[in-house]
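Enquirer: The structure is given below, and queries will be raised subsequently.
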Amino acid sequence: MNKVILMGRLTRDPEVRYTQTNNTLVASFSLAVNRRFARPGEERQADFINIVAWSKLGEFCSKYFKKGQQVAVIGRLQTRTWDDEQGQKRYITEVIAEEAYFADSKKEGSGETTFDPTFGAMPTNNSASSDFEISSGDDLPF
């Protein structure tokens, strides 16, 4: 099984590019994910994880995610290799996003979406993020 669940803050705005072969949108960004524990007297450490989101999800991320925002990403780990200009083999490990969610708490009047870790929220119809809100107090059909 290859499944990754991360929550962290964007280190930069998502970067958008398009594939050469079929002009598919690809959004790339990095998350600063705090480690769970800190040694006594030391500052908590963070890992910086590269995320790649394709097509509609990439479009969503590029449109709504901004530097410093807290988000949650669910996806799979992937390792790629290539040869650089000097002929040396290079490796990169990144998360291929399959789901993305807002994780900041809702600010008064901001129109941002809340994130409940049990249910999450992600616009699927390209409408504004304020259309989606789930709180733990809502009655759910399941």
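Ordering of the structure tokens sets the chain letters (A, B, ...), residue numbers begin anew at 1 in every chain, and ligands are numbered from 1 in the order given.
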What's around Ser30 of chain A at 9 Å? Count only C-alpha atoms, leave out sequence neighbours fewer than 4 positions away in its own chain, and write the answer as a count of residues only.
Expert: 11
Enquirer: Find the residue from A:Ile96, A:Val26, A:Ala38, A:Ala32 that sits nearest to Gly75 of chain A; use only C-alpha atoms when measuring.
Expert: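 Looking only at the distances to Gly75 of chain A, the closest residue turns out to be A:Ile96.
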Enquirer: Can you tell me how far atom CA of Asn2 of chain A sits from atom CA of Leu77 of chain A, in Å to one decimal?
Expert: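 Separation between atom CA of Asn2 of chain A and atom CA of Leu77 of chain A: 6.5 Å.
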Enquirer: In terms of the shortest atom-to-atom distance over only C-alpha atoms, which of A:Ala72, A:Leu57, A:Val95, A:Ala100 is closest to Val4 of chain A?
Expert: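 Counting only C-alpha atoms, the residue closest to Val4 of chain A is A:Val95.
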Enquirer: Give me the residues within 6 Å of segment 42-46 of chain A as a list in words, counting only C-alpha atoms and dropping any in the same chain fewer than 5 places off.
Expert: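 My reading of the contact set: Ala32, Val33, Asn34 and Arg35 of chain A.
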Enquirer: Next, dump the selected residues to file, keeping only C-alpha atoms, as a PDB file, in the first residue's frame.
Expert:
```
ATOM      1  CA  ALA A  32       6.583  22.397   5.684  1.00  0.00           C
ATOM      2  CA  VAL A  33       5.330  19.554   7.879  1.00  0.00           C
ATOM      3  CA  ASN A  34       6.144  19.762  11.598  1.00  0.00           C
ATOM      4  CA  ARG A  35       7.564  16.662  13.198  1.00  0.00           C
TER       5      ARG A  35
END
```
Enquirer: Using only C-alpha atoms, pick whichever of A:Leu31, A:Met1, A:Leu6, A:Ala103 has the shortest atom-to-atom distance to Val73 of chain A.
Expert: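 Checking each candidate against Val73 of chain A, we get A:Leu6 as the closest.
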